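The file query37.txt contains compact mmCIF, C-alpha atoms and all ligand atoms:
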```txt
# COMPACT_ATOMS: atom_id res chain seq x y z
CA MET F 1 164.24 3.04 142.42
CA ARG F 2 165.66 6.56 142.33
CA ASN F 3 168.33 5.90 144.97
CA SER F 4 169.57 2.91 143.02
CA ILE F 5 170.67 5.19 140.21
CA TYR F 6 173.51 6.41 142.41
CA SER F 7 174.40 3.08 143.99
CA LYS F 8 176.14 1.33 141.09
CA PRO F 9 179.89 0.92 141.55
CA ILE F 10 181.24 0.81 138.00
CA ASN F 11 180.71 2.43 134.66
CA PRO F 12 178.14 0.35 132.75
CA VAL F 13 177.56 0.13 129.00
CA ALA F 14 174.07 0.50 127.48
CA VAL F 15 172.40 0.08 124.10
CA VAL F 16 169.23 2.02 123.28
CA THR F 17 167.30 1.18 120.10
CA GLY F 18 165.35 3.71 118.01
CA ALA F 19 167.19 6.49 119.79
CA ASN F 20 167.59 9.20 117.16
CA LYS F 21 164.59 11.13 118.53
CA GLY F 22 161.74 11.12 121.03
CA ILE F 23 161.87 9.10 124.24
CA GLY F 24 164.84 6.99 123.08
CA LEU F 25 167.08 10.03 122.55
CA GLU F 26 166.15 11.34 126.00
CA VAL F 27 166.82 7.91 127.59
CA VAL F 28 170.30 8.06 126.06
CA ARG F 29 170.85 11.56 127.44
CA GLN F 30 169.67 10.69 130.97
CA LEU F 31 171.69 7.44 131.11
CA ALA F 32 174.81 9.25 129.85
CA LEU F 33 174.37 11.92 132.52
CA HIS F 34 174.36 9.08 135.09
CA GLY F 35 177.80 8.03 133.87
CA VAL F 36 176.68 5.20 131.60
CA THR F 37 178.52 4.74 128.29
CA VAL F 38 175.66 4.63 125.78
CA VAL F 39 175.53 3.21 122.27
CA LEU F 40 172.78 5.24 120.59
CA THR F 41 171.35 3.18 117.74
CA ALA F 42 169.11 4.27 114.88
CA ARG F 43 168.07 2.73 111.59
CA ASP F 44 169.26 5.76 109.62
CA GLN F 45 172.97 6.62 109.79
CA GLY F 46 172.43 10.36 109.19
CA ARG F 47 169.62 10.77 111.73
CA GLY F 48 171.60 8.74 114.28
CA THR F 49 174.87 10.64 113.96
CA ARG F 50 173.04 13.98 114.06
CA ALA F 51 171.32 12.83 117.28
CA VAL F 52 174.66 11.89 118.86
CA ASP F 53 176.11 15.28 117.83
CA SER F 54 173.10 17.09 119.32
CA LEU F 55 173.80 15.62 122.77
CA LYS F 56 177.42 16.84 122.97
CA LEU F 57 178.25 14.15 125.54
CA PRO F 58 181.59 12.31 125.36
CA ASN F 59 180.19 8.99 126.59
CA VAL F 60 177.63 8.54 123.76
CA LEU F 61 178.56 6.78 120.52
CA PHE F 62 176.60 5.68 117.47
CA HIS F 63 175.94 2.34 115.82
CA GLN F 64 173.46 1.82 113.02
CA LEU F 65 170.66 -0.66 113.78
CA ASP F 66 167.43 -1.32 111.93
CA VAL F 67 165.57 -3.77 114.16
CA ARG F 68 163.81 -5.24 111.08
CA ASP F 69 167.12 -6.23 109.49
CA PRO F 70 168.05 -9.78 110.57
CA GLY F 71 171.75 -8.92 110.04
CA GLY F 72 171.59 -5.78 112.19
CA PRO F 73 171.60 -7.17 115.75
CA PRO F 74 174.45 -9.68 115.09
CA ALA F 75 176.55 -6.86 113.57
CA LEU F 76 175.87 -4.74 116.66
CA ALA F 77 176.86 -7.68 118.88
CA ASP F 78 180.18 -7.98 116.99
CA PHE F 79 180.83 -4.26 117.49
CA LEU F 80 180.06 -4.46 121.23
CA THR F 81 182.22 -7.56 121.65
CA ALA F 82 185.20 -5.85 120.00
CA ARG F 83 184.72 -2.55 121.82
CA PHE F 84 183.55 -3.52 125.33
CA GLY F 85 183.53 -7.33 125.64
CA SER F 86 180.15 -7.29 127.42
CA LEU F 87 176.92 -5.30 127.80
CA ASP F 88 175.09 -4.15 130.95
CA ILE F 89 171.87 -2.43 129.84
CA LEU F 90 169.58 -2.97 126.85
CA VAL F 91 166.68 -0.58 126.29
CA ASN F 92 164.40 -1.89 123.53
CA ASN F 93 162.75 1.41 122.67
CA ALA F 94 162.29 1.34 118.87
CA GLY F 95 158.59 1.48 118.11
CA HIS F 96 156.15 2.01 115.28
CA GLY F 97 152.42 2.80 115.21
CA GLY F 98 151.74 0.92 111.95
CA VAL F 99 148.91 3.21 110.88
CA THR F 100 148.41 6.02 108.39
CA THR F 101 146.94 9.16 109.81
CA ASP F 102 145.25 12.30 108.62
CA VAL F 103 147.07 14.43 111.17
CA GLU F 104 145.07 17.62 110.54
CA GLY F 105 141.82 15.63 110.77
CA LEU F 106 142.97 14.04 114.03
CA LYS F 107 143.93 17.38 115.54
CA ALA F 108 140.59 18.88 114.44
CA LEU F 109 138.80 16.22 116.51
CA ASN F 110 140.47 17.73 119.60
CA ILE F 111 140.19 14.46 121.52
CA ASP F 112 140.34 14.68 125.29
CA PRO F 113 143.54 12.89 126.46
CA ARG F 114 141.46 10.82 128.93
CA GLN F 115 139.24 9.54 126.13
CA TRP F 116 142.33 8.82 123.99
CA LEU F 117 144.04 6.88 126.76
CA SER F 118 140.95 4.88 127.74
CA GLY F 119 140.59 3.52 124.20
CA GLY F 120 137.13 5.10 124.07
CA ALA F 121 138.09 7.16 121.03
CA ALA F 122 138.23 4.10 118.69
CA ASP F 123 135.00 5.04 116.85
CA LEU F 124 135.88 8.72 116.77
CA VAL F 125 139.26 8.20 115.08
CA ARG F 126 138.08 5.60 112.54
CA GLY F 127 137.95 8.19 109.75
CA VAL F 128 141.39 9.66 110.44
CA ILE F 129 143.59 6.76 111.62
CA LYS F 130 143.71 3.86 109.13
CA GLN F 131 145.11 0.42 109.88
CA ASP F 132 145.98 -1.66 106.83
CA TYR F 133 147.51 -5.14 106.63
CA GLU F 134 150.99 -3.99 105.53
CA GLY F 135 151.10 -1.47 108.39
CA ALA F 136 150.08 -4.19 110.84
CA VAL F 137 152.87 -6.50 109.63
CA ALA F 138 155.46 -3.70 109.96
CA CYS F 139 154.20 -2.74 113.40
CA ILE F 140 154.42 -6.30 114.77
CA ASP F 141 157.77 -6.86 113.09
CA ILE F 142 159.28 -3.76 114.75
CA ASN F 143 157.58 -3.78 118.15
CA TYR F 144 157.70 -7.52 118.92
CA PHE F 145 160.05 -9.37 116.53
CA GLY F 146 162.49 -6.44 116.41
CA CYS F 147 162.82 -6.49 120.19
CA LYS F 148 163.27 -10.27 120.10
CA ARG F 149 165.93 -10.12 117.36
CA VAL F 150 167.97 -7.53 119.29
CA THR F 151 167.54 -9.28 122.63
CA GLU F 152 168.56 -12.70 121.33
CA ALA F 153 171.67 -11.28 119.66
CA LEU F 154 172.75 -9.31 122.74
CA LEU F 155 171.86 -11.81 125.50
CA PRO F 156 175.26 -13.56 125.38
CA LEU F 157 176.93 -10.17 126.02
CA LEU F 158 174.45 -9.29 128.79
CA GLN F 159 175.27 -12.63 130.44
CA LEU F 160 178.90 -11.47 130.66
CA SER F 161 177.97 -8.28 132.54
CA SER F 162 179.80 -7.89 135.86
CA TRP F 163 177.55 -4.91 136.67
CA GLY F 164 174.36 -7.00 136.67
CA ALA F 165 172.38 -6.87 133.44
CA THR F 166 169.04 -5.13 132.91
CA ILE F 167 166.67 -5.17 129.94
CA VAL F 168 163.92 -2.61 129.55
CA ASN F 169 161.22 -3.14 126.94
CA VAL F 170 159.40 0.09 126.19
CA SER F 171 155.77 -0.93 126.01
CA SER F 172 152.52 1.03 126.14
CA LEU F 173 149.35 1.17 128.16
CA ARG F 174 147.71 -0.25 125.00
CA SER F 175 149.38 -3.53 126.06
CA GLU F 176 147.18 -3.93 129.15
CA LEU F 177 145.18 -7.13 128.77
CA ARG F 178 141.89 -5.73 130.11
CA ARG F 179 141.72 -3.61 126.94
CA ILE F 180 141.48 -6.73 124.73
CA PRO F 181 137.83 -7.82 124.32
CA GLY F 182 138.65 -11.51 123.53
CA GLU F 183 138.88 -13.63 126.68
CA ARG F 184 140.85 -16.36 124.87
CA ILE F 185 143.54 -13.83 123.84
CA ARG F 186 143.73 -12.41 127.37
CA LYS F 187 144.27 -15.94 128.72
CA GLU F 188 146.82 -16.92 126.09
CA LEU F 189 148.97 -13.88 126.79
CA GLY F 190 148.22 -13.52 130.50
CA GLU F 191 148.63 -17.00 131.97
CA MET F 192 152.24 -17.67 132.92
CA GLU F 193 151.85 -21.43 132.83
CA GLY F 194 152.95 -22.59 129.40
CA LEU F 195 153.66 -19.03 128.22
CA SER F 196 156.30 -19.16 125.49
CA GLU F 197 157.42 -17.37 122.35
CA GLU F 198 155.56 -20.05 120.34
CA ARG F 199 152.27 -19.26 122.07
CA ILE F 200 152.79 -15.49 121.73
CA GLU F 201 153.61 -15.83 118.04
CA GLU F 202 150.59 -18.04 117.43
CA VAL F 203 148.42 -15.21 118.80
CA LEU F 204 150.16 -12.73 116.48
CA ARG F 205 149.64 -15.05 113.48
CA ARG F 206 145.93 -15.31 114.28
CA PHE F 207 145.69 -11.53 114.60
CA LEU F 208 147.20 -11.05 111.13
CA GLU F 209 144.86 -13.68 109.64
CA ASP F 210 141.81 -11.93 111.12
CA MET F 211 143.21 -8.58 109.97
CA LYS F 212 143.59 -9.92 106.41
CA ARG F 213 140.01 -11.26 106.50
CA GLY F 214 138.75 -7.94 107.87
CA ASP F 215 137.35 -9.59 110.99
CA LEU F 216 139.13 -7.95 113.94
CA ASP F 217 135.83 -7.50 115.76
CA GLY F 218 134.91 -11.19 115.49
CA GLY F 219 138.40 -12.24 116.60
CA GLY F 220 138.09 -10.27 119.85
CA TRP F 221 140.95 -7.86 119.07
CA CYS F 222 141.35 -4.29 120.25
CA LEU F 223 139.87 -1.86 117.75
CA MET F 224 141.86 1.17 118.94
CA LEU F 225 145.30 0.93 117.22
CA PRO F 226 144.78 -2.83 116.76
CA ALA F 227 148.25 -3.93 115.55
CA TYR F 228 150.08 -1.61 117.94
CA SER F 229 147.97 -2.85 120.87
CA ILE F 230 148.57 -6.56 120.21
CA SER F 231 152.26 -5.97 119.44
CA LYS F 232 152.74 -4.36 122.85
CA ALA F 233 150.68 -7.03 124.66
CA ALA F 234 152.96 -9.60 122.97
CA LEU F 235 156.01 -7.59 124.04
CA ASN F 236 154.86 -7.68 127.68
CA ALA F 237 154.30 -11.43 127.51
CA TYR F 238 157.78 -11.86 125.99
CA THR F 239 159.22 -9.77 128.85
CA ARG F 240 157.72 -12.22 131.36
CA VAL F 241 159.04 -15.25 129.46
CA LEU F 242 162.54 -13.76 129.35
CA ALA F 243 162.51 -12.73 133.01
CA ALA F 244 161.56 -16.27 134.07
CA ARG F 245 164.33 -17.69 131.87
CA HIS F 246 167.06 -15.31 133.13
CA PRO F 247 166.55 -14.88 136.88
CA ALA F 248 169.96 -13.24 137.38
CA MET F 249 168.88 -10.23 135.30
CA ARG F 250 166.25 -7.54 135.82
CA ILE F 251 163.97 -7.66 132.79
CA ASN F 252 160.93 -5.40 132.82
CA CYS F 253 158.57 -3.49 130.54
CA VAL F 254 157.25 0.02 130.95
CA HIS F 255 154.58 2.37 129.63
CA PRO F 256 156.53 5.64 129.40
CA GLY F 257 153.43 7.84 129.76
CA TYR F 258 151.50 9.79 127.11
CA VAL F 259 154.46 11.71 125.74
CA ASP F 260 154.60 14.46 123.12
CA THR F 261 156.44 12.70 120.24
CA ASP F 262 156.04 11.82 116.56
CA ILE F 263 154.47 8.43 117.28
CA ASN F 264 151.24 10.05 118.53
CA TRP F 265 151.42 13.03 116.15
CA HIS F 266 152.35 15.23 119.11
CA THR F 267 149.05 14.77 120.91
CA GLY F 268 150.90 13.53 124.04
CA ILE F 269 150.89 15.61 127.20
CA LEU F 270 154.20 14.72 128.91
CA THR F 271 157.67 15.93 127.95
CA VAL F 272 160.28 13.45 126.71
CA SER F 273 162.19 14.14 129.90
CA GLU F 274 159.19 12.87 131.91
CA GLY F 275 158.69 9.94 129.51
CA ALA F 276 162.30 8.76 129.84
CA ARG F 277 162.14 8.61 133.63
CA GLY F 278 160.53 5.14 133.89
CA PRO F 279 162.80 3.41 131.33
CA VAL F 280 165.89 4.99 132.92
CA ALA F 281 164.92 3.99 136.46
CA LEU F 282 164.34 0.39 135.31
CA ALA F 283 167.60 0.37 133.36
CA MET F 284 169.45 1.34 136.55
CA LEU F 285 167.78 -1.22 138.85
CA PRO F 286 170.29 -2.83 141.22
CA ALA F 287 170.84 -6.59 141.52
CA GLY F 288 167.96 -8.19 143.39
CA GLY F 289 165.51 -5.58 142.05
CA PRO F 290 162.15 -6.51 140.54
CA SER F 291 162.01 -8.51 137.32
CA GLY F 292 159.22 -9.71 135.06
CA CYS F 293 157.14 -6.64 135.94
CA TYR F 294 155.21 -3.97 134.07
CA TYR F 295 155.45 -0.32 135.12
CA ASP F 296 153.30 2.67 134.32
CA GLN F 297 156.10 5.25 134.23
CA THR F 298 157.84 4.65 137.59
CA THR F 299 154.91 2.90 139.29
CA LEU F 300 154.46 -0.88 139.39
CA ALA F 301 151.30 -1.70 137.40
CA SER F 302 149.22 -4.71 136.39
CA PHE F 303 149.60 -6.65 133.13
CA PHE F 304 145.87 -7.32 133.27
N1 LIG A 401 154.96 8.77 123.00
C1 LIG A 401 154.09 8.08 123.72
O1 LIG A 401 153.10 8.63 124.22
C2 LIG A 401 154.29 6.61 123.93
C3 LIG A 401 153.34 5.93 124.70
C4 LIG A 401 153.50 4.58 124.92
C5 LIG A 401 154.59 3.92 124.38
N2 LIG A 401 155.51 4.61 123.62
C6 LIG A 401 156.64 3.85 123.10
O2 LIG A 401 157.84 4.57 123.31
C7 LIG A 401 158.81 4.17 122.34
C8 LIG A 401 159.45 5.41 121.75
O3 LIG A 401 158.47 6.11 121.00
P1 LIG A 401 158.43 7.68 120.89
O4 LIG A 401 157.20 8.14 121.55
O5 LIG A 401 159.73 8.28 121.27
O6 LIG A 401 158.17 7.83 119.31
P2 LIG A 401 159.10 8.38 118.13
O7 LIG A 401 159.61 9.73 118.44
O8 LIG A 401 158.29 8.19 116.90
O9 LIG A 401 160.35 7.37 118.13
C9 LIG A 401 160.29 6.08 117.61
C10 LIG A 401 161.71 5.64 117.33
O10 LIG A 401 161.70 4.28 116.86
C11 LIG A 401 162.51 4.24 115.71
N3 LIG A 401 162.23 3.12 114.82
C12 LIG A 401 161.09 2.85 114.13
N4 LIG A 401 161.27 1.77 113.37
C13 LIG A 401 162.54 1.34 113.58
C14 LIG A 401 163.33 0.27 113.08
N5 LIG A 401 162.85 -0.59 112.19
N6 LIG A 401 164.59 0.11 113.55
C15 LIG A 401 165.10 0.97 114.46
N7 LIG A 401 164.43 2.03 114.94
C16 LIG A 401 163.16 2.20 114.50
C17 LIG A 401 162.28 5.58 115.03
O11 LIG A 401 163.27 5.83 114.05
P3 LIG A 401 162.98 6.76 112.75
O12 LIG A 401 163.15 8.18 113.19
O13 LIG A 401 164.03 6.30 111.79
O14 LIG A 401 161.59 6.47 112.28
C18 LIG A 401 162.38 6.49 116.25
O15 LIG A 401 163.72 6.72 116.57
C19 LIG A 401 158.08 3.30 121.33
O16 LIG A 401 158.34 1.93 121.61
C20 LIG A 401 156.62 3.62 121.60
O17 LIG A 401 155.76 2.55 121.24
C21 LIG A 401 155.37 5.93 123.38
```
Will you turn the file into structure tokens for me?
Amino acid sequence: MRNSIYSKPINPVAVVTGANKGIGLEVVRQLALHGVTVVLTARDQGRGTRAVDSLKLPNVLFHQLDVRDPGGPPALADFLTARFGSLDILVNNAGHGGVTTDVEGLKALNIDPRQWLSGGAADLVRGVIKQDYEGAVACIDINYFGCKRVTEALLPLLQLSSWGATIVNVSSLRSELRRIPGERIRKELGEMEGLSEERIEEVLRRFLEDMKRGDLDGGGWCLMLPAYSISKAALNAYTRVLAARHPAMRINCVHPGYVDTDINWHTGILTVSEGARGPVALAMLPAGGPSGCYYDQTTLASFF
């Protein structure tokens, strides 16, 4: 994939969501250094413009976008239409954990990164990471529906790309289906035959019902970061649906690695520069490159 970064003939235009900090900001920086014109988007005008200023790169501009706001993606599409007439790269990076955390308590537990990543710390963190219903709704609305809102609004512009459009959905290793105890859920999200937004959203509705009833265990859901996990599993399934529907594009999802950012209260072990590498490589995939795939950083990985 690395060679492909240098093999594109013209200057493409990219949008990165949730890019005022963390991995998103670094994705913007790396794409801009590869000659891409990047629209850095953020839900907060002040945080977004400060992020653009911090980069000091002439080919980065700002547009406000809250992925929860139904009016946001169409307004961004209007701006892109007027300014560029088309779009080449969309990186759906905006993400939310959906939990409330006693950060000092979490740090005091001094959890081994391997135990954290395996999901084996679910019992350990129960007292310090709390998942409530409102947090679960917000998490799913940002991580799954937010990505869908932005993608649907920008697809007509991506279809006009003469560069060859790519979409990168920033997922998580929490999305991997083997981590979900319920076999029915694994099948619903894992089997390509009949996979659709309707089926994905039915799974999400059931999750929220079980969450409201306080029966995540009985429903077969992941107990480590439950809403975040199912939101990212849904995002991966959506990536596969989209890729099958748009064979001329490269549409993939990626776990960026366990990166030191706000979303994990800075427990991550990779730098943002390392975390941005996978999303950037997938954003720069040439025509004919893989689509409908899931990557662990820059390595092809299994959805299951
Ligand atoms: N760090 C890791 O180890 C890791 C691992 C796996 C996956 N990921 C994924 O990587 C992506 C980037 O996360 P990160 O680690 O860089 O965390 P981060 O530093 O917390 O960044 C998250 C970004 O998403 C934005 N965001 C949240 N809600 C939004 C909304 N409604 N509309 C627009 N933007 C919104 C945040 O904006 P505000 O500043 O305004 O809140 C922030 O810019 C996420 O999708 C995350 O799930 C991260």
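Taking all atoms listed in the file, the non-local environment of Met224 in chain F within 10 Å (same-chain residues fewer than 3 positions away omitted) comprises Trp116, Leu117, Ser118, Gly119, Gly120, Ala121, Ala122, Asp123, Leu124, Val125, Arg126, Ile129, Gln131, Arg174, Arg179, Ile180, Trp221, Ala227, Tyr228 and Ser229 of chain F.
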### Message
List as a ChimeraX atom specification the protein and nucleic acid residues lying within 8 Å of ligand LIG 401 (chain A), with all atoms listed in the file counted.
### Response
/F:17-25,41-44,47,65-69,92-97,142-143,146,169-174,228,232,255-264,266,268-270,272,275
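The closest residue to Ser86 in chain F, picked from F:Leu55, F:Cys253, F:Leu160, F:Ala136 and counting all atoms listed in the file, is F:Leu160.
Closest approach to Ser162 in chain F among F:Thr37, F:Ile89, F:Trp265, F:Phe62: F:Ile89, based on only C-alpha atoms.
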### Query
Taking all atoms listed in the file into account, which of F:Asp141, F:Asp88, F:Asp217, F:Glu188 comes nearest Trp163 in chain F?
F:Asp88
